[in-house]
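This is run-v8.txt. It holds compact mmCIF, C-alpha atoms.
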```
# COMPACT_ATOMS: atom_id res chain seq x y z
CA MET A 54 -20.17 7.86 12.25
CA GLY A 55 -21.86 10.12 9.70
CA GLU A 56 -18.53 11.79 8.97
CA PHE A 57 -16.95 8.39 8.40
CA PHE A 58 -19.47 7.41 5.73
CA ARG A 59 -19.44 10.91 4.20
CA VAL A 60 -15.75 10.48 3.34
CA LEU A 61 -16.67 7.52 1.14
CA THR A 62 -19.84 8.92 -0.41
CA ASP A 63 -18.33 12.31 -1.22
CA ASN A 64 -15.19 10.80 -2.74
CA GLY A 65 -16.55 7.58 -4.16
CA GLN A 66 -15.20 8.22 -7.65
CA LEU A 67 -11.65 8.56 -6.34
CA PHE A 68 -11.92 5.33 -4.33
CA VAL A 69 -13.36 3.47 -7.33
CA GLU A 70 -10.63 4.72 -9.66
CA GLY A 71 -7.87 3.98 -7.15
CA PHE A 72 -8.97 0.42 -6.40
CA THR A 73 -9.75 -0.28 -10.07
CA ASN A 74 -6.17 0.62 -10.96
CA THR A 75 -4.94 -1.51 -8.06
CA VAL A 76 -6.85 -4.54 -9.33
CA GLN A 77 -5.65 -3.97 -12.90
CA LEU A 78 -2.07 -3.60 -11.73
CA PHE A 79 -2.36 -6.77 -9.65
CA LEU A 80 -3.94 -8.91 -12.39
CA ILE A 81 -1.50 -7.90 -15.13
CA ALA A 82 1.54 -8.30 -12.88
CA ALA A 83 0.24 -11.63 -11.55
CA VAL A 84 -0.02 -13.10 -15.04
CA GLY A 85 3.34 -11.66 -16.05
CA SER A 86 5.15 -12.90 -12.94
CA LEU A 87 3.56 -16.35 -13.26
CA VAL A 88 4.82 -16.68 -16.85
CA LEU A 89 8.30 -15.28 -16.14
CA GLY A 90 8.57 -17.12 -12.83
CA THR A 91 7.69 -20.43 -14.49
CA LEU A 92 10.39 -19.90 -17.11
CA LEU A 93 12.90 -19.06 -14.39
CA GLY A 94 11.79 -22.08 -12.37
CA ALA A 95 12.40 -24.31 -15.40
CA MET A 96 15.87 -22.80 -15.69
CA ARG A 97 16.56 -23.47 -12.01
CA VAL A 98 15.91 -27.21 -12.45
CA SER A 99 17.34 -27.44 -15.95
CA PRO A 100 20.14 -29.92 -16.72
CA VAL A 101 21.97 -27.11 -18.54
CA PRO A 102 24.47 -25.45 -16.14
CA ALA A 103 24.29 -22.05 -17.88
CA LEU A 104 20.51 -21.91 -17.47
CA ARG A 105 20.71 -22.94 -13.83
CA ALA A 106 23.33 -20.26 -13.21
CA PHE A 107 21.23 -17.59 -14.92
CA GLY A 108 18.12 -18.54 -12.94
CA ALA A 109 19.99 -18.57 -9.64
CA THR A 110 21.67 -15.22 -10.37
CA TYR A 111 18.34 -13.60 -11.27
CA VAL A 112 16.61 -14.88 -8.15
CA ASN A 113 19.42 -13.95 -5.77
CA LEU A 114 19.82 -10.49 -7.31
CA VAL A 115 16.14 -9.54 -7.46
CA ARG A 116 15.05 -11.08 -4.14
CA ASN A 117 17.76 -9.14 -2.32
CA THR A 118 16.93 -5.82 -4.00
CA PRO A 119 14.28 -3.63 -2.30
CA LEU A 120 11.15 -3.38 -4.42
CA THR A 121 11.27 0.41 -4.13
CA LEU A 122 14.63 0.42 -5.94
CA VAL A 123 13.18 -1.73 -8.73
CA PHE A 124 10.39 0.83 -9.12
CA ALA A 125 12.85 3.72 -9.05
CA PHE A 126 15.03 2.14 -11.74
CA LEU A 127 12.10 1.60 -14.11
CA VAL A 128 10.48 4.99 -13.45
CA PHE A 129 13.58 7.21 -13.41
CA ALA A 130 16.48 5.34 -15.04
CA VAL A 131 14.82 3.60 -17.99
CA PRO A 132 13.44 6.87 -19.50
CA LYS A 133 17.04 8.15 -19.56
CA LEU A 134 17.69 5.43 -22.14
CA ASP A 135 15.13 7.09 -24.46
CA VAL A 136 12.58 4.38 -23.72
CA ASN A 137 9.08 5.85 -23.61
CA ILE A 138 7.07 4.12 -20.91
CA ASP A 139 4.29 5.47 -18.71
CA TYR A 140 4.13 5.18 -14.93
CA PHE A 141 1.51 2.45 -14.90
CA ALA A 142 3.52 0.26 -17.28
CA SER A 143 6.67 0.89 -15.23
CA ALA A 144 4.85 -0.20 -12.06
CA THR A 145 3.53 -3.32 -13.79
CA ILE A 146 6.99 -4.32 -15.02
CA ALA A 147 8.54 -3.62 -11.60
CA LEU A 148 6.03 -5.86 -9.82
CA THR A 149 6.40 -8.56 -12.48
CA VAL A 150 10.20 -8.57 -12.35
CA TYR A 151 10.25 -8.62 -8.56
CA THR A 152 7.48 -11.15 -7.91
CA SER A 153 8.69 -13.57 -10.60
CA ALA A 154 11.76 -14.31 -8.46
CA PHE A 155 9.50 -15.53 -5.64
CA VAL A 156 7.27 -17.45 -8.05
CA CYS A 157 10.40 -19.14 -9.38
CA GLU A 158 11.38 -20.35 -5.92
CA VAL A 159 7.88 -21.67 -5.24
CA ILE A 160 8.01 -23.67 -8.46
CA ARG A 161 11.52 -24.95 -7.74
CA SER A 162 10.46 -26.04 -4.26
CA GLY A 163 7.37 -27.74 -5.65
CA VAL A 164 9.41 -29.60 -8.27
CA ASN A 165 11.73 -30.83 -5.52
CA THR A 166 8.79 -32.52 -3.77
CA VAL A 167 8.45 -34.93 -6.70
CA ALA A 168 10.58 -38.05 -6.36
CA ALA A 169 13.66 -37.94 -8.58
CA GLY A 170 12.81 -41.42 -9.82
CA GLN A 171 9.78 -40.04 -11.63
CA ALA A 172 11.92 -37.82 -13.86
CA GLU A 173 14.55 -40.52 -14.33
CA ALA A 174 11.92 -43.03 -15.46
CA ALA A 175 10.49 -40.51 -17.91
CA ARG A 176 13.93 -39.76 -19.36
CA ALA A 177 14.55 -43.50 -19.69
CA LEU A 178 11.45 -43.63 -21.90
CA GLY A 179 13.03 -41.04 -24.20
CA MET A 180 11.15 -37.94 -23.03
CA THR A 181 12.83 -34.55 -23.41
CA PHE A 182 13.40 -32.22 -20.46
CA GLY A 183 10.40 -30.11 -21.51
CA GLN A 184 8.14 -33.15 -21.70
CA VAL A 185 9.31 -34.47 -18.35
CA LEU A 186 8.70 -31.09 -16.71
CA THR A 187 5.28 -30.33 -18.21
CA LEU A 188 3.82 -33.86 -18.39
CA ILE A 189 5.31 -35.62 -15.37
CA VAL A 190 6.77 -33.27 -12.78
CA LEU A 191 4.64 -30.11 -12.72
CA PRO A 192 1.25 -31.88 -12.56
CA GLN A 193 2.42 -33.78 -9.47
CA ALA A 194 4.07 -30.70 -7.93
CA LEU A 195 0.99 -28.52 -8.43
CA ARG A 196 -0.72 -29.29 -5.14
CA ALA A 197 2.48 -28.45 -3.26
CA MET A 198 2.95 -25.19 -5.17
CA VAL A 199 -0.49 -23.61 -5.14
CA PRO A 200 -0.84 -22.64 -1.43
CA PRO A 201 2.57 -20.88 -1.20
CA MET A 202 1.93 -19.34 -4.62
CA MET A 203 -1.21 -17.76 -3.21
CA SER A 204 0.90 -16.24 -0.42
CA VAL A 205 3.21 -14.72 -3.01
CA PHE A 206 0.30 -13.13 -4.87
CA ILE A 207 -1.30 -11.85 -1.66
CA ALA A 208 2.00 -10.15 -0.85
CA MET A 209 2.12 -8.72 -4.37
CA LEU A 210 -1.37 -7.28 -4.00
CA LYS A 211 -0.22 -5.38 -0.91
CA ASN A 212 2.99 -4.35 -2.69
CA THR A 213 0.95 -2.51 -5.33
CA THR A 214 0.72 0.39 -2.86
CA ILE A 215 4.38 1.21 -3.58
CA ALA A 216 3.28 2.38 -7.01
CA ALA A 217 1.58 5.34 -5.31
CA GLY A 218 5.01 6.81 -4.62
CA PHE A 219 5.74 6.80 -8.35
CA SER A 220 2.76 8.78 -9.66
CA VAL A 221 0.38 5.86 -10.18
CA LEU A 222 -3.18 6.59 -9.05
CA GLU A 223 -3.99 3.42 -7.17
CA ALA A 224 -5.33 2.72 -3.70
CA GLY A 225 -2.11 3.72 -1.97
CA ALA A 226 -2.26 7.17 -3.56
CA ILE A 227 -5.73 7.99 -2.23
CA PRO A 228 -4.56 9.51 1.12
CA ALA A 229 -2.46 12.15 -0.65
CA TYR A 230 -5.40 13.23 -2.82
CA MET A 231 -7.74 13.24 0.15
CA ALA A 232 -5.33 15.33 2.22
CA GLU A 233 -5.53 18.04 -0.45
CA ARG A 234 -9.32 18.01 -0.03
CA GLY A 235 -9.01 18.35 3.75
CA GLU A 236 -10.61 15.00 4.49
CA PRO A 237 -9.87 13.27 7.84
CA GLN A 238 -6.98 10.88 7.23
CA PHE A 239 -8.07 8.34 9.83
CA ALA A 240 -11.35 7.72 8.01
CA VAL A 241 -9.56 7.63 4.65
CA LEU A 242 -7.02 5.07 5.83
CA LEU A 243 -9.74 2.97 7.44
CA TRP A 244 -11.70 2.83 4.18
CA ILE A 245 -8.54 1.85 2.29
CA THR A 246 -7.91 -0.90 4.83
CA ILE A 247 -11.47 -2.15 4.35
CA GLY A 248 -10.96 -2.09 0.58
CA PHE A 249 -7.82 -4.19 0.79
CA LEU A 250 -9.50 -6.63 3.16
CA ILE A 251 -12.27 -7.09 0.60
CA LEU A 252 -9.63 -7.92 -2.02
CA ILE A 253 -7.35 -10.06 0.13
CA LEU A 254 -9.75 -12.13 2.26
CA PRO A 255 -11.13 -14.12 -0.72
CA LEU A 256 -7.54 -14.98 -1.70
CA VAL A 257 -6.80 -16.09 1.87
CA ALA A 258 -9.97 -18.20 1.91
CA LEU A 259 -8.99 -19.80 -1.40
CA GLN A 260 -5.50 -20.48 -0.08
CA ARG A 261 -6.84 -22.23 3.03
CA PHE A 262 -9.31 -24.22 0.96
CA LEU A 263 -6.56 -25.45 -1.35
CA GLU A 264 -4.31 -26.27 1.61
CA ARG A 265 -7.02 -28.50 3.03
CA LYS A 266 -7.92 -30.03 -0.31
CA TRP A 267 -4.39 -30.60 -1.60
CA ARG A 268 -2.52 -31.24 1.62
CA VAL A 269 0.49 -33.35 0.77
CA ALA A 270 0.71 -36.48 2.87
CA ARG A 271 3.94 -36.62 4.80
```
Just give me the structure of the file as structure tokens.
Amino acid sequence: MGEFFRVLTDNGQLFVEGFTNTVQLFLIAAVGSLVLGTLLGAMRVSPVPALRAFGATYVNLVRNTPLTLVFAFLVFAVPKLDVNIDYFASATIALTVYTSAFVCEVIRSGVNTVAAGQAEAARALGMTFGQVLTLIVLPQALRAMVPPMMSVFIAMLKNTTIAAGFSVLEAGAIPAYMAERGEPQFAVLLWITIGFLILILPLVALQRFLERKWRVAR
């Protein structure tokens, strides 16, 4: 047991730095994917065929592409185009691009829970598509969207570990550094698991709370 705690106390700075970068990566990508996913979701329910086609193409293409390939493209291919971007930024963009496709589908599904008559009545009053979406549809769809949206972000938090394979010092990269120091990998992996549980369990609790509070009557 003493050896188990020694791994953490002797390498505390590395654990702090790794999980700090994980949280930063998660927060930035979460905001970015929420913004991009909302725009894509609006396209998916837009009355303009070209916008609907673009949104559908984006979602189908990105959702069916492994996240590792998205990372590889941004880390290895983009610099070949003389675009200077560091590994952390590449990881943030990769997570944002990938997760926004799932956010888009959550929003589209939530919008579909609102009766079509609501939007038709708003349009009859002379409201534009943007006004109908932001003032009428989305506020009613919110309670249906939030619980699955939390699931998407929980999955994204766990997906941040892929960045470790592309030279980003986050929680998933800690085992490699600790192996160089000769630390027992079982203890290292157990501490990383505990760290992720500390980050994820509050999100799970919030998700369950919102599900109970905003359960849609069937």
Residues within 8 Å of Leu222 of chain A, please, as a list in words. Count all atoms listed in the file; anything in the same chain fewer than 5 positions from it doesn't count.
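In the requested format, the answer is Glu70, Gly71, Asn74, Ala216, Ala217 and Ile227 of chain A.
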Mind checking which residues fall within 6 Å of segment 157-168 of chain A, counting only C-alpha atoms, ignoring those fewer than 2 positions away in the same chain, and posting them as a list of chain:residue names?
A:Gly90, A:Thr91, A:Leu93, A:Gly94, A:Ser153, A:Ala154, A:Phe155, A:Gly170, A:Gln171, A:Ala194, A:Ala197, A:Met198
So how far away is atom CA of Ala144 of chain A from atom CA of Ala83 of chain A, in Å?
12.3 Å
Return as CSV the residues of segment 56-118 of chain A lying at most 12 Å from segment 199-207 of chain A, together with the closest atom-to-atom pair for each and the distance in Å to one decimal, counting only C-alpha atoms, with rows in chain order and ascending residue number.
```
residue,atom,partner,partner_atom,distance
A:Val76,CA,A:Ile207,CA,12.0
A:Leu78,CA,A:Phe206,CA,12.0
A:Phe79,CA,A:Phe206,CA,8.4
A:Leu80,CA,A:Phe206,CA,9.6
A:Ile81,CA,A:Phe206,CA,11.7
A:Ala82,CA,A:Phe206,CA,9.4
A:Ala83,CA,A:Phe206,CA,6.8
A:Val84,CA,A:Phe206,CA,10.2
A:Gly85,CA,A:Phe206,CA,11.7
A:Ser86,CA,A:Phe206,CA,9.4
A:Leu87,CA,A:Met202,CA,9.3
A:Gly90,CA,A:Met202,CA,10.8
A:Thr91,CA,A:Met202,CA,11.5
```
Measure the distance from atom CA of Ile189 of chain A to atom CA of Ala169 of chain A in Å and round it to one decimal.
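Here the two named atoms are 11.0 Å from each other.
In this structure, atom CA of Ala147 of chain A sits 22.0 Å away from atom CA of Leu256 of chain A.
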Which residue gives the smallest distance to Leu195 of chain A among A:Val257, A:Leu243, A:Leu263, A:Ala103, with all atoms listed in the file counted?
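For Leu195 of chain A, the nearest of the given residues is A:Leu263.
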In terms of the shortest atom-to-atom distance over only C-alpha atoms, which of A:Gln238, A:Thr213, A:Thr181, A:Thr145 is closest to Val60 of chain A?
A:Gln238
Can you sort out segment 190-209 of chain A so it carries N, CA, C and O atoms, written as a PDB file, in the frame of the given file?
```
ATOM      1  N   VAL A 190       6.386 -33.901 -14.041  1.00  0.00           N
ATOM      2  CA  VAL A 190       6.770 -33.270 -12.780  1.00  0.00           C
ATOM      3  C   VAL A 190       5.775 -32.217 -12.316  1.00  0.00           C
ATOM      4  O   VAL A 190       5.266 -32.267 -11.187  1.00  0.00           O
ATOM      5  N   LEU A 191       5.491 -31.224 -13.158  1.00  0.00           N
ATOM      6  CA  LEU A 191       4.640 -30.110 -12.720  1.00  0.00           C
ATOM      7  C   LEU A 191       3.237 -30.547 -12.302  1.00  0.00           C
ATOM      8  O   LEU A 191       2.717 -30.028 -11.306  1.00  0.00           O
ATOM      9  N   PRO A 192       2.576 -31.463 -13.027  1.00  0.00           N
ATOM     10  CA  PRO A 192       1.250 -31.880 -12.560  1.00  0.00           C
ATOM     11  C   PRO A 192       1.268 -32.470 -11.151  1.00  0.00           C
ATOM     12  O   PRO A 192       0.339 -32.257 -10.364  1.00  0.00           O
ATOM     13  N   GLN A 193       2.336 -33.206 -10.806  1.00  0.00           N
ATOM     14  CA  GLN A 193       2.420 -33.780  -9.470  1.00  0.00           C
ATOM     15  C   GLN A 193       2.823 -32.743  -8.422  1.00  0.00           C
ATOM     16  O   GLN A 193       2.446 -32.843  -7.255  1.00  0.00           O
ATOM     17  N   ALA A 194       3.596 -31.735  -8.859  1.00  0.00           N
ATOM     18  CA  ALA A 194       4.070 -30.700  -7.930  1.00  0.00           C
ATOM     19  C   ALA A 194       3.015 -29.632  -7.674  1.00  0.00           C
ATOM     20  O   ALA A 194       3.150 -28.835  -6.741  1.00  0.00           O
ATOM     21  N   LEU A 195       1.964 -29.614  -8.484  1.00  0.00           N
ATOM     22  CA  LEU A 195       0.990 -28.520  -8.430  1.00  0.00           C
ATOM     23  C   LEU A 195       0.372 -28.334  -7.064  1.00  0.00           C
ATOM     24  O   LEU A 195       0.285 -27.222  -6.543  1.00  0.00           O
ATOM     25  N   ARG A 196      -0.032 -29.422  -6.431  1.00  0.00           N
ATOM     26  CA  ARG A 196      -0.720 -29.290  -5.140  1.00  0.00           C
ATOM     27  C   ARG A 196       0.218 -28.780  -4.058  1.00  0.00           C
ATOM     28  O   ARG A 196      -0.236 -28.197  -3.068  1.00  0.00           O
ATOM     29  N   ALA A 197       1.521 -28.988  -4.228  1.00  0.00           N
ATOM     30  CA  ALA A 197       2.480 -28.450  -3.260  1.00  0.00           C
ATOM     31  C   ALA A 197       2.801 -26.988  -3.533  1.00  0.00           C
ATOM     32  O   ALA A 197       3.220 -26.260  -2.640  1.00  0.00           O
ATOM     33  N   MET A 198       2.579 -26.550  -4.779  1.00  0.00           N
ATOM     34  CA  MET A 198       2.950 -25.190  -5.170  1.00  0.00           C
ATOM     35  C   MET A 198       1.840 -24.169  -4.950  1.00  0.00           C
ATOM     36  O   MET A 198       2.119 -22.999  -4.649  1.00  0.00           O
ATOM     37  N   VAL A 199       0.592 -24.580  -5.116  1.00  0.00           N
ATOM     38  CA  VAL A 199      -0.490 -23.610  -5.140  1.00  0.00           C
ATOM     39  C   VAL A 199      -0.648 -22.815  -3.840  1.00  0.00           C
ATOM     40  O   VAL A 199      -0.728 -21.581  -3.876  1.00  0.00           O
ATOM     41  N   PRO A 200      -0.680 -23.442  -2.659  1.00  0.00           N
ATOM     42  CA  PRO A 200      -0.840 -22.640  -1.430  1.00  0.00           C
ATOM     43  C   PRO A 200       0.254 -21.584  -1.240  1.00  0.00           C
ATOM     44  O   PRO A 200      -0.059 -20.412  -0.998  1.00  0.00           O
ATOM     45  N   PRO A 201       1.558 -21.933  -1.343  1.00  0.00           N
ATOM     46  CA  PRO A 201       2.570 -20.880  -1.200  1.00  0.00           C
ATOM     47  C   PRO A 201       2.515 -19.856  -2.335  1.00  0.00           C
ATOM     48  O   PRO A 201       2.875 -18.692  -2.145  1.00  0.00           O
ATOM     49  N   MET A 202       2.062 -20.285  -3.519  1.00  0.00           N
ATOM     50  CA  MET A 202       1.930 -19.340  -4.620  1.00  0.00           C
ATOM     51  C   MET A 202       0.879 -18.293  -4.297  1.00  0.00           C
ATOM     52  O   MET A 202       1.037 -17.104  -4.632  1.00  0.00           O
ATOM     53  N   MET A 203      -0.185 -18.701  -3.622  1.00  0.00           N
ATOM     54  CA  MET A 203      -1.210 -17.760  -3.210  1.00  0.00           C
ATOM     55  C   MET A 203      -0.633 -16.726  -2.235  1.00  0.00           C
ATOM     56  O   MET A 203      -0.970 -15.542  -2.294  1.00  0.00           O
ATOM     57  N   SER A 204       0.253 -17.171  -1.360  1.00  0.00           N
ATOM     58  CA  SER A 204       0.900 -16.240  -0.420  1.00  0.00           C
ATOM     59  C   SER A 204       1.729 -15.207  -1.157  1.00  0.00           C
ATOM     60  O   SER A 204       1.751 -14.032  -0.781  1.00  0.00           O
ATOM     61  N   VAL A 205       2.406 -15.640  -2.201  1.00  0.00           N
ATOM     62  CA  VAL A 205       3.210 -14.720  -3.010  1.00  0.00           C
ATOM     63  C   VAL A 205       2.317 -13.663  -3.653  1.00  0.00           C
ATOM     64  O   VAL A 205       2.641 -12.461  -3.651  1.00  0.00           O
ATOM     65  N   PHE A 206       1.181 -14.077  -4.191  1.00  0.00           N
ATOM     66  CA  PHE A 206       0.300 -13.130  -4.870  1.00  0.00           C
ATOM     67  C   PHE A 206      -0.423 -12.215  -3.887  1.00  0.00           C
ATOM     68  O   PHE A 206      -0.716 -11.068  -4.207  1.00  0.00           O
ATOM     69  N   ILE A 207      -0.716 -12.715  -2.691  1.00  0.00           N
ATOM     70  CA  ILE A 207      -1.300 -11.850  -1.660  1.00  0.00           C
ATOM     71  C   ILE A 207      -0.307 -10.755  -1.288  1.00  0.00           C
ATOM     72  O   ILE A 207      -0.662  -9.581  -1.148  1.00  0.00           O
ATOM     73  N   ALA A 208       0.958 -11.144  -1.141  1.00  0.00           N
ATOM     74  CA  ALA A 208       2.000 -10.150  -0.850  1.00  0.00           C
ATOM     75  C   ALA A 208       2.132  -9.151  -1.986  1.00  0.00           C
ATOM     76  O   ALA A 208       2.324  -7.949  -1.759  1.00  0.00           O
ATOM     77  N   MET A 209       2.012  -9.624  -3.219  1.00  0.00           N
ATOM     78  CA  MET A 209       2.120  -8.720  -4.370  1.00  0.00           C
ATOM     79  C   MET A 209       0.972  -7.719  -4.393  1.00  0.00           C
ATOM     80  O   MET A 209       1.161  -6.551  -4.741  1.00  0.00           O
TER      81      MET A 209
END
```
